[in-house]
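Enquirer: Sharing a structure below in structure tokens format, with a few things to ask.
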Amino acid sequence: MVVVFGTLGFRPKSLIPTLRSTPEVDKLVFYCGADPSDPEAVRKVAEARQAVVQYCNSMRIAVQAVDLEDPFDFKGIALRVRSDIRKHKRDGRQIAVFNIAGGTKPTSSAALLVCILEGIPTVYIHDVTYEEVHLPLLRMEYSQALSKEERQILKYLMQNRMADTTEVALASALGKHKATVNHHIRNLMSKGAVRLERHPTDSRKKIVRVEDSTELLLGDCD
Amino acid sequence: MRILVSTFTPQDVELVIRSMRSIGYDRLVVLCRPDDSLDPALERIRRLEDMSGHEITVQHIYSSGFMETVDEICQTLGALQKERRTGTSNEVILNISAGEKLLANAALFAAFRLGVRTVHCDEKLVKLPILAGATAVDRFTPLEVRAMRAMLGGATLDELQQRLGLSGRQSVDRIVRELKKTGLVMVISQGMPVTVDLSEVGREVLRSAELSSKG
């Protein structure tokens, strides 16, 4: 099954051309949403959504319209898009392309972020000419940029993110020397994957925390 | 020096100000279209910086095409990461929440290309999963990167072997096979001799390699 993904704002023409240009499309998954306090935007997005669904019905393309609760929640959208892509991959679907032209800016950017992390072919539609621009994406595989020990540390911290894990506790949990773990933590800090926080009750100690973004990153390191 | 670089459009001035509040920085650089730099919204940011005794740097982005915009932004980011005049390395943090959609997305693409720490600053500050210093070229060996350079514009396998100074043909075959698997290389002539060239993705990776070594 060939699936096209897309983001949709006010203009069906920013998404439908990709269905035309992609052969053998069986399904479209698209993300849309509007600021509920803006009735005009709500109306326009609803109209665009309906137009795309009607197009798909006429072309006998299965369609899944994902109505984003908050189309400005960058991280939430990225996690949702990544989850949907991975589900389709696990189900053996071929994701032909992701059109990131439509939708709010956070929706489009979040989709682009996920495409880069997941290695999904991505297109952008020129605002004026409606020309499809295929982006030369190569999947960013951070497993190459992180050492085995760094990945191990991140995995442990993610699995125990509710706990206040000190550097000493981390070293003990991983069965490694404290100095070794400190070295890796410094590397992870310089890469922006973790940060140190003051311990809530003992100011001599530091808690190691994963950055929120590491959750999006770690899928690559599984 | 920590440099905050933010995409900008007048409608998003509050997002830029939020990033200024959320991220500690020494210098502010704004990426915007030439027309937007005349807007009173940018003047507001200038005044805020002036109050702290600093000036903002406004970098105009002229391109209208996506990849051309990426290239322009990369030039700016690369130059900021390493200031040639002083030879110092700076820490650059990029905020992509402001600016028109093409500008923001092109900035995100550029951030991945160069391995620049990036945030999306809206109601919340979201640090994006871009590892500082890590780029697409990191997953390839130095020999593979040399091979990509050597085949740019097209090369037969014999020419590639010569250019790489390899004694055995097997090594060339293996490199080409691996790069083909990742979609970086395409065969442009199946007949004898076989000729290969970089795909668009391959050219992008090479570009990333060149910018990384410059940066």
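So you can find residues: chains in the structure tokens are A, B, ... in the order shown, residues in each start at 1, and ligands are numbered from 1 in order.
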Please determine the contact residues of chain A with respect to chain B at a cut-off of 10 Å, counting only C-alpha atoms, and supply them as a PyMOL selection string.

Expert: chain A and resi 72-75+100-114+116-117+124-127+133-146+188-193+211-218

Enquirer: Those residues with C-alpha atoms, as a CSV table (one decimal), in the first residue's frame please?

Expert:
```csv
chain,number,residue,atom,x,y,z
A,72,PHE,CA,0.7,25.3,17.3
A,73,ASP,CA,2.0,22.7,19.6
A,74,PHE,CA,5.3,21.9,17.8
A,75,LYS,CA,6.4,19.1,20.0
A,100,ILE,CA,4.8,19.8,4.2
A,101,ALA,CA,3.5,22.9,2.4
A,102,GLY,CA,0.2,23.4,4.2
A,103,GLY,CA,-0.9,24.0,7.7
A,104,THR,CA,0.3,26.3,10.4
A,105,LYS,CA,4.0,27.0,10.6
A,106,PRO,CA,4.6,24.8,13.6
A,107,THR,CA,2.7,22.0,11.9
A,108,SER,CA,4.8,22.3,8.7
A,109,SER,CA,8.0,22.6,10.6
A,110,ALA,CA,7.2,19.7,12.9
A,111,ALA,CA,6.4,17.5,9.9
A,112,LEU,CA,9.7,18.5,8.3
A,113,LEU,CA,11.6,17.6,11.5
A,114,VAL,CA,10.1,14.2,11.6
A,116,ILE,CA,14.4,14.3,8.4
A,117,LEU,CA,14.6,12.1,11.5
A,124,TYR,CA,7.3,21.6,-0.7
A,125,ILE,CA,4.9,23.4,-2.9
A,126,HIS,CA,5.9,26.8,-4.2
A,127,ASP,CA,3.4,29.4,-3.0
A,133,VAL,CA,10.1,20.9,-4.8
A,134,HIS,CA,11.5,17.6,-3.7
A,135,LEU,CA,13.9,18.2,-0.8
A,136,PRO,CA,17.1,16.3,-0.9
A,137,LEU,CA,16.8,14.7,2.6
A,138,LEU,CA,19.0,12.1,4.0
A,139,ARG,CA,17.8,10.5,7.2
A,140,MET,CA,19.7,12.0,10.2
A,141,GLU,CA,21.0,8.9,12.0
A,142,TYR,CA,22.2,10.2,15.3
A,143,SER,CA,23.1,6.7,16.3
A,144,GLN,CA,26.3,7.5,14.4
A,145,ALA,CA,26.8,10.7,16.3
A,146,LEU,CA,26.4,9.1,19.7
A,188,LEU,CA,26.0,14.7,25.8
A,189,MET,CA,25.6,18.2,27.3
A,190,SER,CA,27.8,19.7,24.5
A,191,LYS,CA,25.6,18.0,22.0
A,192,GLY,CA,22.4,19.3,23.7
A,193,ALA,CA,21.0,16.0,24.6
A,211,GLU,CA,16.3,17.4,27.2
A,212,ASP,CA,12.6,17.1,26.0
A,213,SER,CA,13.8,16.9,22.5
A,214,THR,CA,15.7,13.7,23.3
A,215,GLU,CA,12.5,11.8,23.3
A,216,LEU,CA,12.2,12.6,19.6
A,217,LEU,CA,15.8,11.8,19.1
A,218,LEU,CA,15.9,8.5,20.9
```

Enquirer: Where in segment 1-199 of chain B does DSSP assign helix (DSSP H, G or I), given as a ChimeraX atom specification?

Expert: /B:10-22,34-38,40-51,66-81,101-114,136-139,142-151,157-164,169-181

Enquirer: As a PyMOL selection string, please: every residue in segment 13-193 of chain B that a backbone DSSP assignment puts in strand (DSSP E or B).

Expert: chain B and resi 27-32+57-60+82-83+88-89+91-95+117-121+125-127+155-156+185-189

Enquirer: Write the residues of the selection above to a file with N, CA and C atoms, as an mmCIF file, in the first residue's frame.

Expert:
```cif
data_model
loop_
_atom_site.group_PDB
_atom_site.id
_atom_site.type_symbol
_atom_site.label_atom_id
_atom_site.label_comp_id
_atom_site.auth_asym_id
_atom_site.auth_seq_id
_atom_site.Cartn_x
_atom_site.Cartn_y
_atom_site.Cartn_z
ATOM 1 N N ARG B 27 24.780 38.011 21.612
ATOM 2 C CA ARG B 27 24.564 38.775 20.379
ATOM 3 C C ARG B 27 23.320 38.237 19.676
ATOM 4 N N LEU B 28 22.580 39.136 19.059
ATOM 5 C CA LEU B 28 21.343 38.744 18.379
ATOM 6 C C LEU B 28 21.478 38.998 16.881
ATOM 7 N N VAL B 29 21.135 37.987 16.101
ATOM 8 C CA VAL B 29 21.119 38.122 14.650
ATOM 9 C C VAL B 29 19.723 37.757 14.172
ATOM 10 N N VAL B 30 19.164 38.584 13.326
ATOM 11 C CA VAL B 30 17.804 38.360 12.826
ATOM 12 C C VAL B 30 17.893 38.030 11.338
ATOM 13 N N LEU B 31 17.226 36.940 10.938
ATOM 14 C CA LEU B 31 17.157 36.558 9.520
ATOM 15 C C LEU B 31 15.804 37.002 8.988
ATOM 16 N N CYS B 32 15.798 37.837 7.963
ATOM 17 C CA CYS B 32 14.500 38.273 7.466
ATOM 18 C C CYS B 32 14.591 38.676 6.001
ATOM 19 N N THR B 57 22.166 42.435 14.565
ATOM 20 C CA THR B 57 22.613 42.258 13.194
ATOM 21 C C THR B 57 21.428 41.749 12.393
ATOM 22 N N VAL B 58 21.128 42.413 11.309
ATOM 23 C CA VAL B 58 20.028 41.962 10.449
ATOM 24 C C VAL B 58 20.635 41.341 9.201
ATOM 25 N N GLN B 59 20.325 40.085 8.965
ATOM 26 C CA GLN B 59 20.825 39.392 7.782
ATOM 27 C C GLN B 59 19.656 39.207 6.820
ATOM 28 N N HIS B 60 19.743 39.863 5.672
ATOM 29 C CA HIS B 60 18.665 39.729 4.686
ATOM 30 C C HIS B 60 18.770 38.407 3.951
ATOM 31 N N LYS B 82 32.003 30.267 13.044
ATOM 32 C CA LYS B 82 33.431 30.512 13.119
ATOM 33 C C LYS B 82 33.708 31.871 12.514
ATOM 34 N N GLU B 83 34.038 32.822 13.312
ATOM 35 C CA GLU B 83 34.290 34.162 12.809
ATOM 36 C C GLU B 83 35.723 34.214 12.307
ATOM 37 N N THR B 88 37.682 32.832 16.190
ATOM 38 C CA THR B 88 37.028 32.221 17.352
ATOM 39 C C THR B 88 35.819 31.410 16.930
ATOM 40 N N SER B 89 35.524 30.383 17.710
ATOM 41 C CA SER B 89 34.323 29.592 17.487
ATOM 42 C C SER B 89 33.242 30.109 18.413
ATOM 43 N N GLU B 91 29.125 29.829 19.877
ATOM 44 C CA GLU B 91 27.996 28.925 20.035
ATOM 45 C C GLU B 91 26.797 29.617 19.411
ATOM 46 N N VAL B 92 26.216 28.968 18.430
ATOM 47 C CA VAL B 92 25.059 29.547 17.733
ATOM 48 C C VAL B 92 23.810 28.776 18.117
ATOM 49 N N ILE B 93 22.790 29.498 18.497
ATOM 50 C CA ILE B 93 21.485 28.874 18.771
ATOM 51 C C ILE B 93 20.486 29.519 17.824
ATOM 52 N N LEU B 94 19.767 28.681 17.126
ATOM 53 C CA LEU B 94 18.832 29.158 16.109
ATOM 54 C C LEU B 94 17.393 28.985 16.593
ATOM 55 N N ASN B 95 16.614 30.054 16.482
ATOM 56 C CA ASN B 95 15.182 29.966 16.798
ATOM 57 C C ASN B 95 14.410 30.023 15.494
ATOM 58 N N ARG B 117 22.482 23.961 17.067
ATOM 59 C CA ARG B 117 21.469 23.798 18.099
ATOM 60 C C ARG B 117 20.277 24.708 17.759
ATOM 61 N N THR B 118 19.078 24.143 17.829
ATOM 62 C CA THR B 118 17.897 24.861 17.346
ATOM 63 C C THR B 118 16.738 24.736 18.317
ATOM 64 N N VAL B 119 15.992 25.815 18.438
ATOM 65 C CA VAL B 119 14.818 25.804 19.303
ATOM 66 C C VAL B 119 13.609 26.290 18.524
ATOM 67 N N HIS B 120 12.449 25.927 19.047
ATOM 68 C CA HIS B 120 11.198 26.475 18.545
ATOM 69 C C HIS B 120 10.566 27.159 19.752
ATOM 70 N N CYS B 121 10.543 28.486 19.718
ATOM 71 C CA CYS B 121 10.109 29.224 20.900
ATOM 72 C C CYS B 121 8.736 29.824 20.651
ATOM 73 N N LEU B 125 9.308 26.787 25.201
ATOM 74 C CA LEU B 125 10.573 26.667 24.473
ATOM 75 C C LEU B 125 10.815 25.189 24.219
ATOM 76 N N VAL B 126 10.873 24.819 22.961
ATOM 77 C CA VAL B 126 11.127 23.425 22.621
ATOM 78 C C VAL B 126 12.509 23.328 21.995
ATOM 79 N N LYS B 127 13.363 22.559 22.622
ATOM 80 C CA LYS B 127 14.690 22.344 22.036
ATOM 81 C C LYS B 127 14.554 21.212 21.032
ATOM 82 N N ALA B 155 31.443 9.867 -13.275
ATOM 83 C CA ALA B 155 32.747 9.205 -13.401
ATOM 84 C C ALA B 155 32.513 7.725 -13.661
ATOM 85 N N THR B 156 33.379 7.137 -14.489
ATOM 86 C CA THR B 156 33.325 5.685 -14.649
ATOM 87 C C THR B 156 33.976 5.076 -13.412
ATOM 88 N N VAL B 185 24.000 7.738 -4.640
ATOM 89 C CA VAL B 185 24.636 7.570 -5.943
ATOM 90 C C VAL B 185 23.639 6.985 -6.928
ATOM 91 N N MET B 186 23.720 7.435 -8.170
ATOM 92 C CA MET B 186 22.890 6.829 -9.202
ATOM 93 C C MET B 186 23.780 6.425 -10.373
ATOM 94 N N VAL B 187 23.329 5.395 -11.052
ATOM 95 C CA VAL B 187 24.049 4.938 -12.234
ATOM 96 C C VAL B 187 23.485 5.708 -13.413
ATOM 97 N N ILE B 188 24.328 6.449 -14.120
ATOM 98 C CA ILE B 188 23.796 7.239 -15.231
ATOM 99 C C ILE B 188 24.053 6.582 -16.575
ATOM 100 N N SER B 189 24.848 5.538 -16.566
ATOM 101 C CA SER B 189 25.042 4.802 -17.809
ATOM 102 C C SER B 189 25.280 3.353 -17.479
#
```

Enquirer: Using only C-alpha atoms, pick whichever of B:Glu68, B:Ala111, B:Glu55, B:Ala209 has the shortest atom-to-atom distance to Gln81 of chain B.

Expert: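 Answer, going by the shortest atom-to-atom distance: B:Ala111.
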
Enquirer: List the spatial neighbours of Glu159 of chain B as a count of residues only - criterion: any atom at most 10 Å away, only C-alpha atoms, same-chain residues fewer than 5 positions off excluded.

Expert: 6

Enquirer: Tell me, as a PyMOL selection string, which residues lie within 10 Å of Gln64 of chain A, counting only C-alpha atoms; anything in the same chain fewer than 3 positions away does not count.

Expert: chain A and resi 5+27-31+53+56+61+67

Enquirer: With C-alpha atoms retained, write the just-selected residues as a compact mmCIF listing (two decimals), in the first residue's frame.

Expert:
```txt
# COMPACT_ATOMS: atom_id res chain seq x y z
CA PHE A 5 1.32 12.16 4.08
CA LYS A 27 -4.09 6.34 1.08
CA LEU A 28 -3.63 9.92 2.19
CA VAL A 29 -2.96 10.90 5.78
CA PHE A 30 -3.11 14.61 6.41
CA TYR A 31 -2.88 16.90 9.42
CA VAL A 53 -11.62 14.39 1.52
CA CYS A 56 -9.85 11.45 -2.28
CA ILE A 61 -8.06 7.03 -2.31
CA ASP A 67 -7.56 17.00 13.31
```

Enquirer: What does the distance between atom CA of Val123 of chain A and atom CA of Glu69 of chain A come to in Å, to one decimal place?

Expert: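 Atom-to-atom, atom CA of Val123 of chain A and atom CA of Glu69 of chain A are spaced 24.4 Å apart.
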
Enquirer: Interatomic distance between atom CA of Tyr25 of chain B and atom CA of Arg2 of chain B?

Expert: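 Interatomic distance, atom CA of Tyr25 of chain B to atom CA of Arg2 of chain B: 5.1 Å.
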
Enquirer: Atom CA of Asp70 of chain A and atom CA of Gly92 of chain A, how far apart in Å?

Expert: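 Between atom CA of Gly92 of chain A and atom CA of Asp70 of chain A the gap works out to 29.2 Å.
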